[in-house]
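Containing compact mmCIF, C-alpha atoms: coords.txt.
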```
# COMPACT_ATOMS: atom_id res chain seq x y z
CA MET E 22 70.34 -96.88 89.64
CA ARG E 23 70.89 -95.63 86.09
CA ARG E 24 67.58 -93.72 86.19
CA GLN E 25 67.03 -92.92 89.87
CA GLY E 26 70.66 -91.87 90.55
CA PRO E 27 70.66 -88.90 88.14
CA LEU E 28 67.21 -87.82 89.37
CA ILE E 29 68.42 -87.80 92.99
CA ILE E 30 71.55 -85.82 92.03
CA THR E 31 69.44 -83.26 90.15
CA PHE E 32 67.07 -82.86 93.11
CA ILE E 33 69.85 -82.46 95.70
CA THR E 34 71.93 -79.97 93.69
CA GLY E 35 68.91 -77.90 92.60
CA ALA E 36 67.39 -77.87 96.10
CA VAL E 37 70.71 -76.84 97.74
CA ILE E 38 71.18 -73.94 95.29
CA ILE E 39 67.63 -72.69 95.93
CA LEU E 40 67.85 -73.18 99.71
CA GLN E 41 71.13 -71.24 100.02
CA TYR E 42 69.35 -68.23 98.51
CA PHE E 43 66.77 -68.24 101.30
CA ILE E 44 69.15 -69.53 104.04
CA PRO E 45 72.56 -67.98 103.23
CA HIS E 46 74.33 -69.69 106.13
CA ARG E 47 76.26 -72.90 106.76
CA PRO E 48 75.99 -75.61 105.56
CA PHE E 49 74.08 -74.31 102.50
CA SER E 50 76.50 -71.45 101.70
CA ASP E 51 79.49 -73.86 101.83
CA LEU E 52 77.68 -76.44 99.73
CA GLN E 53 76.72 -73.80 97.19
CA GLN E 54 80.36 -72.69 96.82
CA LEU E 55 81.49 -76.30 96.47
CA PHE E 56 78.79 -77.11 93.90
CA ASN E 57 79.64 -73.94 92.02
CA THR E 58 83.29 -75.01 91.65
CA TRP E 59 82.33 -78.54 90.67
CA PHE E 60 79.82 -77.16 88.16
CA LEU E 61 82.59 -75.15 86.46
CA VAL E 62 84.93 -78.16 86.39
CA ILE E 63 82.30 -80.51 84.93
CA ALA E 64 81.30 -77.84 82.38
CA VAL E 65 84.92 -77.81 81.15
CA PHE E 66 84.79 -81.60 80.75
CA ALA E 67 81.56 -81.07 78.75
CA LEU E 68 83.57 -78.74 76.50
CA ILE E 69 86.27 -81.42 76.19
CA LEU E 70 83.50 -83.86 75.25
CA GLY E 71 82.37 -81.45 72.53
CA VAL E 72 85.92 -81.09 71.22
CA GLY E 73 86.30 -84.89 71.29
CA ASN E 74 83.10 -85.29 69.33
CA LEU E 75 84.24 -82.68 66.80
CA GLY E 76 87.54 -84.55 66.37
CA LYS E 77 85.75 -87.89 66.06
CA ILE E 78 83.46 -86.61 63.29
CA HIS E 79 86.26 -85.00 61.28
CA PHE E 80 88.76 -87.86 61.68
CA GLU E 81 86.04 -90.24 60.43
CA ARG E 82 85.38 -87.94 57.49
CA VAL E 83 89.09 -87.96 56.58
CA PHE E 84 89.57 -91.73 56.97
CA ARG E 85 86.43 -92.57 54.98
CA ARG E 86 87.21 -89.92 52.33
CA ARG E 87 83.75 -88.39 52.66
CA GLU E 88 82.67 -85.24 50.82
CA ASN E 89 84.83 -82.17 51.59
CA TRP E 90 87.30 -84.27 53.62
CA PRO E 91 90.32 -82.05 52.82
CA TYR E 92 88.64 -79.23 54.79
CA SER E 93 88.44 -81.54 57.80
CA ILE E 94 92.27 -81.75 57.67
CA VAL E 95 92.34 -77.93 57.81
CA LEU E 96 90.09 -78.03 60.89
CA ILE E 97 92.16 -80.70 62.63
CA LEU E 98 95.46 -78.93 61.84
CA GLY E 99 94.00 -75.60 63.00
CA PHE E 100 92.97 -77.20 66.27
CA ILE E 101 96.28 -79.04 66.82
CA ILE E 102 98.44 -75.98 66.09
CA MET E 103 96.38 -73.62 68.30
CA PHE E 104 95.96 -76.14 71.13
CA GLY E 105 99.64 -77.17 70.98
CA ALA E 106 100.73 -73.52 71.07
CA GLY E 107 98.51 -72.90 74.10
CA ILE E 108 99.70 -75.94 76.04
CA ILE E 109 103.44 -75.54 75.24
CA TRP E 110 103.92 -71.76 75.52
CA GLY E 111 100.87 -70.68 77.54
CA ILE E 112 98.15 -68.20 76.58
CA GLN E 113 99.59 -64.87 77.72
CA ARG E 114 100.39 -61.87 75.52
CA GLY E 115 103.45 -62.35 73.30
CA THR E 116 103.05 -66.13 72.97
CA PRO E 117 102.40 -67.94 69.64
CA PHE E 118 98.90 -68.73 70.99
CA TYR E 119 98.17 -65.03 71.35
CA TYR E 120 99.63 -64.33 67.89
CA ILE E 121 97.27 -66.86 66.28
CA PHE E 122 94.36 -65.58 68.38
CA TRP E 123 95.02 -62.00 67.28
CA ASN E 124 95.72 -62.65 63.60
CA VAL E 125 93.46 -65.62 62.84
CA HIS E 126 90.68 -66.00 65.41
CA ILE E 127 89.73 -62.33 65.94
CA PRO E 128 89.64 -61.24 62.26
CA MET E 129 87.69 -64.33 61.19
CA GLY E 130 85.24 -64.04 64.09
CA SER E 131 84.47 -60.36 63.48
CA THR E 132 84.21 -60.89 59.70
CA MET E 133 81.73 -63.74 60.26
CA PHE E 134 79.54 -61.39 62.33
CA ALA E 135 80.06 -58.52 59.87
CA LEU E 136 78.87 -60.85 57.10
CA LEU E 137 75.53 -60.99 58.89
CA ALA E 138 75.01 -57.30 58.01
CA PHE E 139 74.35 -58.34 54.41
CA PHE E 140 72.00 -61.16 55.39
CA VAL E 141 70.16 -58.90 57.82
CA ALA E 142 69.81 -56.36 54.98
CA SER E 143 68.23 -58.96 52.69
CA ALA E 144 66.00 -60.20 55.55
CA SER E 145 64.89 -56.64 56.24
CA TYR E 146 63.89 -56.22 52.59
CA ARG E 147 61.42 -59.09 53.10
CA ALA E 148 60.34 -58.08 56.61
CA PHE E 149 59.92 -54.38 55.87
CA ARG E 150 57.04 -54.71 53.46
CA ALA E 151 54.36 -52.92 55.45
CA ARG E 152 51.42 -55.24 54.80
CA THR E 153 49.69 -54.89 58.17
CA PRO E 154 49.51 -52.07 60.75
CA GLU E 155 51.70 -54.16 63.10
CA ALA E 156 54.37 -54.60 60.39
CA THR E 157 54.24 -50.83 59.76
CA VAL E 158 54.88 -50.14 63.45
CA LEU E 159 57.87 -52.51 63.34
CA LEU E 160 59.15 -50.79 60.19
CA ILE E 161 58.84 -47.26 61.60
CA SER E 162 60.42 -48.25 64.91
CA ALA E 163 63.40 -49.91 63.17
CA ILE E 164 63.95 -47.03 60.76
CA VAL E 165 63.78 -44.37 63.49
CA VAL E 166 66.27 -46.34 65.66
CA MET E 167 68.63 -46.89 62.71
CA LEU E 168 68.49 -43.26 61.57
CA SER E 169 68.93 -41.99 65.13
CA ARG E 170 72.25 -43.86 65.36
CA VAL E 171 73.88 -42.18 62.31
CA PRO E 172 74.71 -38.51 61.50
CA LEU E 173 72.10 -38.55 58.71
CA GLY E 174 69.32 -38.78 61.33
CA ASN E 175 70.52 -35.60 63.02
CA PHE E 176 70.78 -33.94 59.59
CA ILE E 177 67.14 -34.82 58.74
CA TRP E 178 65.72 -33.63 62.07
CA LYS E 179 67.77 -32.65 65.07
CA GLU E 180 65.28 -34.24 67.49
CA LEU E 181 65.47 -37.65 65.76
CA PRO E 182 68.39 -39.01 67.88
CA LEU E 183 66.43 -38.09 71.03
CA ILE E 184 63.30 -39.82 69.72
CA GLY E 185 65.40 -42.90 68.86
CA ASP E 186 66.76 -42.93 72.41
CA TRP E 187 63.22 -42.50 73.77
CA ILE E 188 61.94 -45.49 71.76
CA MET E 189 64.84 -47.60 73.05
CA ALA E 190 64.37 -46.47 76.67
CA TYR E 191 60.57 -46.66 77.04
CA PRO E 192 58.30 -48.47 74.51
CA ASN E 193 61.12 -50.89 73.62
CA MET E 194 61.86 -51.50 77.30
CA ALA E 195 58.15 -52.05 78.02
CA GLY E 196 57.93 -54.70 75.26
CA GLN E 197 61.20 -56.33 76.32
CA ARG E 198 60.09 -56.32 79.95
CA ALA E 199 56.82 -58.08 79.09
CA ILE E 200 58.80 -60.70 77.16
CA TRP E 201 61.33 -61.13 79.99
CA ILE E 202 58.63 -61.51 82.66
CA GLY E 203 57.00 -64.20 80.48
CA ILE E 204 60.34 -65.94 79.96
CA ALA E 205 61.11 -65.74 83.69
CA LEU E 206 57.83 -67.40 84.66
CA GLY E 207 58.51 -70.12 82.07
CA VAL E 208 62.07 -70.69 83.32
CA VAL E 209 60.96 -70.81 86.96
CA SER E 210 58.27 -73.41 86.27
CA THR E 211 60.60 -75.49 84.03
CA SER E 212 63.38 -75.36 86.64
CA LEU E 213 60.97 -76.59 89.29
CA ARG E 214 59.79 -79.40 87.02
CA ILE E 215 63.41 -80.46 86.42
CA ILE E 216 64.40 -80.32 90.10
CA LEU E 217 61.31 -82.31 91.13
CA GLY E 218 61.99 -84.93 88.45
CA ILE E 219 58.82 -84.27 86.43
CA GLU E 220 60.78 -83.03 83.43
CA ARG E 221 63.23 -85.78 82.36
CA THR E 222 63.99 -85.05 78.71
CA TYR E 223 67.66 -84.37 79.56
CA LEU E 224 67.91 -88.08 80.45
CA ALA E 225 66.71 -88.93 76.93
CA GLY E 226 63.14 -89.15 78.32
CA LYS E 227 63.89 -92.16 80.56
CA MET F 21 100.85 -51.98 51.79
CA THR F 22 102.01 -53.56 55.05
CA THR F 23 104.87 -56.07 55.32
CA ASP F 24 103.66 -57.55 58.61
CA ILE F 25 102.94 -61.26 58.12
CA GLY F 26 100.23 -61.32 60.79
CA THR F 27 98.28 -58.52 59.09
CA TRP F 28 98.60 -60.32 55.76
CA ILE F 29 97.22 -63.54 57.24
CA ALA F 30 94.34 -61.62 58.88
CA ALA F 31 93.58 -59.73 55.64
CA LEU F 32 93.59 -62.84 53.44
CA LEU F 33 91.36 -64.75 55.87
CA THR F 34 89.01 -61.74 56.03
CA LEU F 35 88.77 -61.78 52.22
CA CYS F 36 88.22 -65.57 52.23
CA ILE F 37 85.18 -65.13 54.49
CA LEU F 38 83.83 -62.10 52.61
CA SER F 39 84.04 -64.18 49.39
CA PHE F 40 80.90 -65.99 50.65
CA LEU F 41 78.93 -62.93 49.54
CA TYR F 42 79.50 -64.09 45.95
CA LYS F 43 78.67 -67.72 46.65
CA ASP F 44 79.88 -70.71 48.69
CA ASN F 45 83.42 -71.43 47.47
CA PRO F 46 86.59 -73.33 48.51
CA PHE F 47 88.24 -70.22 50.02
CA TYR F 48 85.27 -69.68 52.32
CA LYS F 49 85.11 -73.38 53.23
CA PHE F 50 88.84 -73.31 54.07
CA ALA F 51 88.44 -70.25 56.33
CA GLU F 52 85.26 -71.62 57.92
CA HIS F 53 86.89 -74.95 58.89
CA LEU F 54 90.03 -73.20 60.09
CA PHE F 55 87.89 -70.90 62.24
CA VAL F 56 86.05 -73.83 63.84
CA GLY F 57 89.31 -75.67 64.61
CA VAL F 58 91.12 -72.61 65.99
CA SER F 59 88.05 -71.51 67.93
CA ALA F 60 87.62 -74.94 69.59
CA ALA F 61 91.31 -74.95 70.58
CA TYR F 62 91.09 -71.37 71.86
CA TRP F 63 88.19 -72.13 74.20
CA ALA F 64 89.72 -75.45 75.29
CA CYS F 65 92.98 -73.73 76.27
CA TYR F 66 91.14 -70.78 77.84
CA TYR F 67 89.08 -73.05 80.11
CA ILE F 68 91.98 -75.33 80.95
CA TYR F 69 94.11 -72.40 82.17
CA ASN F 70 91.34 -70.36 83.78
CA ILE F 71 89.06 -73.03 85.27
CA LEU F 72 90.55 -76.51 85.27
CA ILE F 73 93.98 -75.64 86.69
CA PRO F 74 92.84 -73.28 89.53
CA ASN F 75 89.67 -75.22 90.40
CA LEU F 76 90.74 -78.85 89.97
CA TYR F 77 94.45 -79.40 89.36
CA ASN F 78 95.72 -77.07 92.12
CA PRO F 79 93.29 -78.15 94.89
CA LEU F 80 93.59 -81.87 94.11
CA PHE F 81 97.20 -82.41 93.02
CA VAL F 82 99.01 -79.44 94.64
CA GLN F 83 97.04 -78.93 97.89
CA GLY F 84 95.93 -82.57 98.20
CA GLN F 85 92.21 -81.89 98.81
CA LEU F 86 90.79 -85.36 98.12
CA LEU F 87 87.22 -84.07 97.94
CA TYR F 88 88.04 -82.85 94.43
CA ILE F 89 88.23 -86.46 93.23
CA ILE F 90 84.42 -86.22 92.90
CA PRO F 91 84.34 -83.51 90.15
CA LEU F 92 87.28 -85.28 88.45
CA ALA F 93 85.34 -88.57 88.45
CA LEU F 94 82.17 -86.82 87.24
CA GLY F 95 84.19 -85.10 84.49
CA ILE F 96 85.66 -88.40 83.31
CA MET F 97 82.16 -89.93 83.38
CA MET F 98 81.04 -87.07 81.14
CA ILE F 99 83.68 -87.98 78.53
CA MET F 100 82.41 -91.59 78.56
CA LYS F 101 79.59 -90.29 76.34
CA LEU F 102 82.05 -90.64 73.44
CA PHE F 103 82.02 -94.42 73.82
CA PRO F 104 78.82 -96.46 73.20
CA GLN F 105 79.20 -99.02 76.02
CA PRO F 106 79.76 -96.76 79.05
CA ALA F 107 77.80 -93.80 77.60
CA TRP F 108 75.11 -94.17 80.32
CA MET F 109 77.66 -92.97 82.91
CA SER F 110 77.47 -89.45 81.46
CA ARG F 111 73.93 -89.12 82.90
CA PHE F 112 75.34 -88.53 86.40
CA PRO F 113 77.50 -85.45 85.59
CA LEU F 114 74.74 -84.25 83.25
CA ALA F 115 72.27 -84.50 86.13
CA PHE F 116 74.65 -82.44 88.30
CA ILE F 117 74.97 -79.76 85.61
CA VAL F 118 71.21 -79.67 84.94
CA GLY F 119 70.28 -79.61 88.65
CA THR F 120 72.73 -76.82 89.52
CA TYR F 121 71.77 -74.80 86.45
CA ALA F 122 68.04 -75.23 87.16
CA GLY F 123 68.61 -74.09 90.77
CA TYR F 124 70.53 -70.99 89.67
CA ASN F 125 68.00 -70.19 86.94
CA PHE F 126 65.11 -70.52 89.39
CA ILE F 127 66.62 -67.87 91.66
CA THR F 128 68.08 -65.56 89.01
CA TYR F 129 65.05 -65.42 86.76
CA LEU F 130 62.58 -65.10 89.62
CA GLN F 131 64.51 -62.28 91.27
CA THR F 132 65.98 -60.39 88.29
CA TYR F 133 63.54 -60.91 85.46
CA ALA F 134 60.22 -61.25 87.32
CA ILE F 135 60.16 -59.54 90.75
CA ASP F 136 62.63 -56.72 89.99
CA GLN F 137 61.05 -55.98 86.60
CA VAL F 138 57.55 -55.78 88.10
CA ARG F 139 58.83 -53.57 90.90
CA ALA F 140 60.66 -51.25 88.45
CA THR F 141 57.50 -50.95 86.36
CA LEU F 142 55.06 -50.16 89.16
CA VAL F 143 57.24 -48.05 91.43
CA ARG F 144 56.28 -44.76 89.70
CA PHE F 145 53.40 -44.14 87.31
CA VAL F 146 53.59 -40.37 86.68
CA ALA F 147 56.57 -38.00 86.82
CA LEU F 148 55.01 -34.61 87.73
CA GLU F 149 58.23 -32.69 87.04
CA SER F 150 58.19 -33.94 83.43
CA TRP F 151 54.65 -32.63 82.95
CA GLN F 152 55.66 -29.29 84.48
CA GLU F 153 58.54 -29.11 82.00
CA PHE F 154 56.19 -29.95 79.14
CA PHE F 155 53.77 -27.14 80.09
CA ALA F 156 56.71 -24.73 80.47
CA ARG F 157 58.34 -25.73 77.13
CA PRO F 158 55.76 -27.52 74.95
CA GLY F 159 57.40 -29.69 72.27
CA ALA F 160 57.75 -33.23 70.95
CA VAL F 161 60.69 -34.16 73.20
CA THR F 162 59.19 -32.74 76.43
CA PHE F 163 55.87 -34.45 75.62
CA LEU F 164 57.58 -37.81 75.08
CA SER F 165 59.43 -37.33 78.34
CA ALA F 166 56.13 -36.62 80.17
CA ILE F 167 54.34 -39.72 78.88
CA ALA F 168 57.36 -42.03 79.28
CA LEU F 169 56.39 -43.69 82.59
CA PRO F 170 52.70 -44.34 81.72
CA VAL F 171 53.91 -45.78 78.38
CA VAL F 172 56.10 -48.28 80.24
CA VAL F 173 53.28 -49.35 82.60
CA VAL F 174 50.73 -49.70 79.79
CA GLY F 175 53.29 -51.48 77.55
CA VAL F 176 54.27 -54.06 80.18
CA ILE F 177 50.68 -54.81 81.28
CA THR F 178 49.27 -55.07 77.74
CA GLY F 179 52.31 -57.10 76.62
CA LEU F 180 51.65 -59.56 79.43
CA VAL F 181 47.96 -59.67 78.52
CA TYR F 182 48.96 -60.71 74.99
CA PHE F 183 51.00 -63.62 76.41
CA PHE F 184 48.03 -64.82 78.48
CA PHE F 185 46.59 -67.53 76.29
CA SER F 186 44.21 -69.10 78.84
CA ARG F 187 41.49 -66.69 77.79
CA GLU F 188 40.30 -65.87 74.28
CA HIS F 189 41.54 -62.51 72.97
CA LYS F 190 38.10 -60.90 72.52
CA GLY F 191 36.37 -57.70 73.73
CA ILE F 192 38.34 -55.49 76.16
CA PHE F 193 40.81 -58.29 76.76
CA GLY F 194 41.37 -58.56 72.98
CA GLY F 195 41.85 -54.79 72.71
CA LEU F 196 44.48 -54.86 75.47
CA ALA F 197 46.22 -57.79 73.75
CA LYS F 198 46.21 -55.85 70.47
CA THR F 199 47.85 -52.88 72.21
CA GLY F 200 50.38 -55.31 73.65
CA VAL F 201 51.19 -56.54 70.14
CA TRP F 202 51.94 -52.97 69.08
CA PHE F 203 54.38 -52.55 71.96
CA LEU F 204 56.00 -55.87 71.10
CA MET F 205 56.31 -54.75 67.46
CA ILE F 206 58.01 -51.52 68.56
CA ALA F 207 60.38 -53.60 70.71
CA PHE F 208 61.15 -56.01 67.84
CA GLY F 209 61.65 -53.13 65.41
CA ALA F 210 63.97 -51.28 67.80
CA SER F 211 65.97 -54.46 68.53
CA PHE F 212 66.20 -55.18 64.81
CA GLY F 213 67.41 -51.65 64.04
CA TYR F 214 69.92 -51.84 66.87
CA THR F 215 71.24 -55.22 65.65
CA VAL F 216 71.58 -53.95 62.08
CA MET F 217 73.60 -50.96 63.25
CA ALA F 218 75.87 -53.20 65.36
CA ARG F 219 76.56 -55.46 62.36
CA ILE F 220 77.18 -52.47 60.07
CA SER F 221 79.60 -51.13 62.67
CA LEU F 222 81.50 -54.44 62.60
CA LEU F 223 81.56 -54.38 58.80
CA ILE F 224 82.96 -50.83 58.84
CA GLY F 225 85.63 -52.10 61.23
CA ARG F 226 86.65 -54.91 58.85
CA VAL F 227 86.69 -52.60 55.80
CA TYR F 228 88.78 -50.10 57.75
CA PHE F 229 91.19 -52.88 58.69
CA LEU F 230 91.61 -53.87 55.03
CA LEU F 231 92.02 -50.31 53.73
CA HIS F 232 94.04 -48.89 56.63
CA ASN F 233 96.03 -51.66 58.34
CA TRP F 234 96.64 -53.82 55.27
CA LEU F 235 96.62 -51.61 52.16
CA HIS F 236 97.44 -48.26 53.87
CA ILE F 237 95.01 -46.50 51.49
CA ILE F 238 93.22 -44.49 54.20
```
File written out as structure tokens:
Amino acid sequence: MRRQGPLIITFITGAVIILQYFIPHRPFSDLQQLFNTWFLVIAVFALILGVGNLGKIHFERVFRRRENWPYSIVLILGFIIMFGAGIIWGIQRGTPFYYIFWNVHIPMGSTMFALLAFFVASASYRAFRARTPEATVLLISAIVVMLSRVPLGNFIWKELPLIGDWIMAYPNMAGQRAIWIGIALGVVSTSLRIILGIERTYLAGK
Amino acid sequence: MTTDIGTWIAALLTLCILSFLYKDNPFYKFAEHLFVGVSAAYWACYYIYNILIPNLYNPLFVQGQLLYIIPLALGIMMIMKLFPQPAWMSRFPLAFIVGTYAGYNFITYLQTYAIDQVRATLVRFVALESWQEFFARPGAVTFLSAIALPVVVVGVITGLVYFFFSREHKGIFGGLAKTGVWFLMIAFGASFGYTVMARISLLIGRVYFLLHNWLHII
């Protein structure tokens, strides 16, 4: 029951979703809509599970006075204040939730991503040493695309932005397409293995 | 300099995170933990209001559709993962999620990323009007425009040849695979350049916020 039950559920749900694509009529279309709604609901509970796990780890760290425990208090307070504001006053514009979102979440999120600019720059210093012909191609492609996106590129050669666009639209797309077709074939075969119960790692290999 | 408290909070937190460029420090750790806590609460509230209430609370408790007891029960079983004894119960909702997701992925990837991509690649090999334009106005841009479609076809086929590992990359097959590697390198380089520019753009946005919204210097 503990092993066969989940395998049966996986097979039924996966098979219904695939069948409704080929037979978009009742009962498969109705079942697909129902499963879609349930999927969303269970995914939210998975998020709640993640939040619960996060709380569990940080409460433990505070109670056991582990390394950096004061920061765990910051995390817990940040969560409680934001969550409380959302539950009490709602999440629309003009609410305390929106105020925190706009003045705390957004600036920190975009600064975190902006910070990556520096790390990407240091990574590019290592990657851009043209040791092989392939690395040289990568280097030239990246430099042309970067220069084509700034006014300096147009200043150097007025056709450079067009060549940058061409690289993005054709050779880049060809490479990306080859990668995506490979990924798609891999995903299709893995999905089939999961639905048929051959692939069971999500059940901890049991 | 602004007197708005919200802008001050945003500016100080921005500086806390940028301080990581010097080295890991307490200001960064404070901002990092605050970000994780606030972010988790944001997404929890977002999903509660936008998914849980319209798709579970309203149908089950307002409209009385008893069928929705099933996702509620599966959701509760999912949370059981937090407790060692009944943790096995979470396998059932997990199986539902995995099965549905595998079903959707099977269809989406097969249609969008395999069949449609192959079709888009092979639908047209040569654009005669582009060659006519090239002969009328010879130049780098018109030439690139003329060879664009063959480049795509050759790039996709040779790229796929490179990913075919069931045969040794030797002879003609090896040459095709080598060409495929060059196309992949162009793709990686272009993606890298594009990502760098996106990050730089974000950084410019944050610096502009500090100098314009907070300090009113520019």
Given the point (47.7, -49.3, 73.7) in the file's coordinates, find the residues that have an atom at most 12 Å from it, counting only C-alpha atoms, and give them as an mmCIF file with C-alpha atoms, in the coordinates of the input.
```
data_model
loop_
_atom_site.group_PDB
_atom_site.id
_atom_site.type_symbol
_atom_site.label_atom_id
_atom_site.label_comp_id
_atom_site.auth_asym_id
_atom_site.auth_seq_id
_atom_site.Cartn_x
_atom_site.Cartn_y
_atom_site.Cartn_z
ATOM 1 C CA PRO E 192 58.300 -48.470 74.510
ATOM 2 C CA ALA E 195 58.150 -52.050 78.020
ATOM 3 C CA GLY E 196 57.930 -54.700 75.260
ATOM 4 C CA PRO F 170 52.700 -44.340 81.720
ATOM 5 C CA VAL F 171 53.910 -45.780 78.380
ATOM 6 C CA VAL F 172 56.100 -48.280 80.240
ATOM 7 C CA VAL F 173 53.280 -49.350 82.600
ATOM 8 C CA VAL F 174 50.730 -49.700 79.790
ATOM 9 C CA GLY F 175 53.290 -51.480 77.550
ATOM 10 C CA VAL F 176 54.270 -54.060 80.180
ATOM 11 C CA ILE F 177 50.680 -54.810 81.280
ATOM 12 C CA THR F 178 49.270 -55.070 77.740
ATOM 13 C CA GLY F 179 52.310 -57.100 76.620
ATOM 14 C CA VAL F 181 47.960 -59.670 78.520
ATOM 15 C CA TYR F 182 48.960 -60.710 74.990
ATOM 16 C CA ILE F 192 38.340 -55.490 76.160
ATOM 17 C CA PHE F 193 40.810 -58.290 76.760
ATOM 18 C CA GLY F 194 41.370 -58.560 72.980
ATOM 19 C CA GLY F 195 41.850 -54.790 72.710
ATOM 20 C CA LEU F 196 44.480 -54.860 75.470
ATOM 21 C CA ALA F 197 46.220 -57.790 73.750
ATOM 22 C CA LYS F 198 46.210 -55.850 70.470
ATOM 23 C CA THR F 199 47.850 -52.880 72.210
ATOM 24 C CA GLY F 200 50.380 -55.310 73.650
ATOM 25 C CA VAL F 201 51.190 -56.540 70.140
ATOM 26 C CA TRP F 202 51.940 -52.970 69.080
ATOM 27 C CA PHE F 203 54.380 -52.550 71.960
ATOM 28 C CA LEU F 204 56.000 -55.870 71.100
ATOM 29 C CA MET F 205 56.310 -54.750 67.460
ATOM 30 C CA ILE F 206 58.010 -51.520 68.560
#
```
Counting only C-alpha atoms, find residues at most 8 Å from (68.5, -41.3, 65.0) (file frame) and give them as a PyMOL selection string.
chain E and resi 165-175+181-186
Restricted to C-alpha atoms, what would the selected residues look like written as an mmCIF file, keeping the file's coordinate frame?
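Result file follows (out14.cif):
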```cif
data_model
loop_
_atom_site.group_PDB
_atom_site.id
_atom_site.type_symbol
_atom_site.label_atom_id
_atom_site.label_comp_id
_atom_site.auth_asym_id
_atom_site.auth_seq_id
_atom_site.Cartn_x
_atom_site.Cartn_y
_atom_site.Cartn_z
ATOM 1 C CA VAL E 165 63.780 -44.370 63.490
ATOM 2 C CA VAL E 166 66.270 -46.340 65.660
ATOM 3 C CA MET E 167 68.630 -46.890 62.710
ATOM 4 C CA LEU E 168 68.490 -43.260 61.570
ATOM 5 C CA SER E 169 68.930 -41.990 65.130
ATOM 6 C CA ARG E 170 72.250 -43.860 65.360
ATOM 7 C CA VAL E 171 73.880 -42.180 62.310
ATOM 8 C CA PRO E 172 74.710 -38.510 61.500
ATOM 9 C CA LEU E 173 72.100 -38.550 58.710
ATOM 10 C CA GLY E 174 69.320 -38.780 61.330
ATOM 11 C CA ASN E 175 70.520 -35.600 63.020
ATOM 12 C CA LEU E 181 65.470 -37.650 65.760
ATOM 13 C CA PRO E 182 68.390 -39.010 67.880
ATOM 14 C CA LEU E 183 66.430 -38.090 71.030
ATOM 15 C CA ILE E 184 63.300 -39.820 69.720
ATOM 16 C CA GLY E 185 65.400 -42.900 68.860
ATOM 17 C CA ASP E 186 66.760 -42.930 72.410
#
```
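Minimum distance to chain E across F:Cys36, F:Ile237, F:Leu72, F:Val146 (counting only C-alpha atoms) occurs at F:Leu72.
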To box stretch 45-57 of chain E, take all atoms listed in the file, fit an axis-aligned box, add 5 Å on each side, and give centre and edge lengths in Å to one decimal, as AutoDock Vina command-line options.
```
--center_x 77.0 --center_y -72.5 --center_z 99.4 --size_x 18.9 --size_y 19.1 --size_z 24.7
```
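Nearest-residue note for E:Met189: choosing from E:Thr222, E:Phe60, E:Glu88, E:Ala163, the minimum distance belongs to E:Ala163, counting all atoms listed in the file.
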Show which residues sit within 12 Å of E:Gln25, as a ChimeraX atom specification. Count only C-alpha atoms, and ignore same-chain residues fewer than 5 positions away.
/E:30-32,218,221,224,227 /F:111-112,115
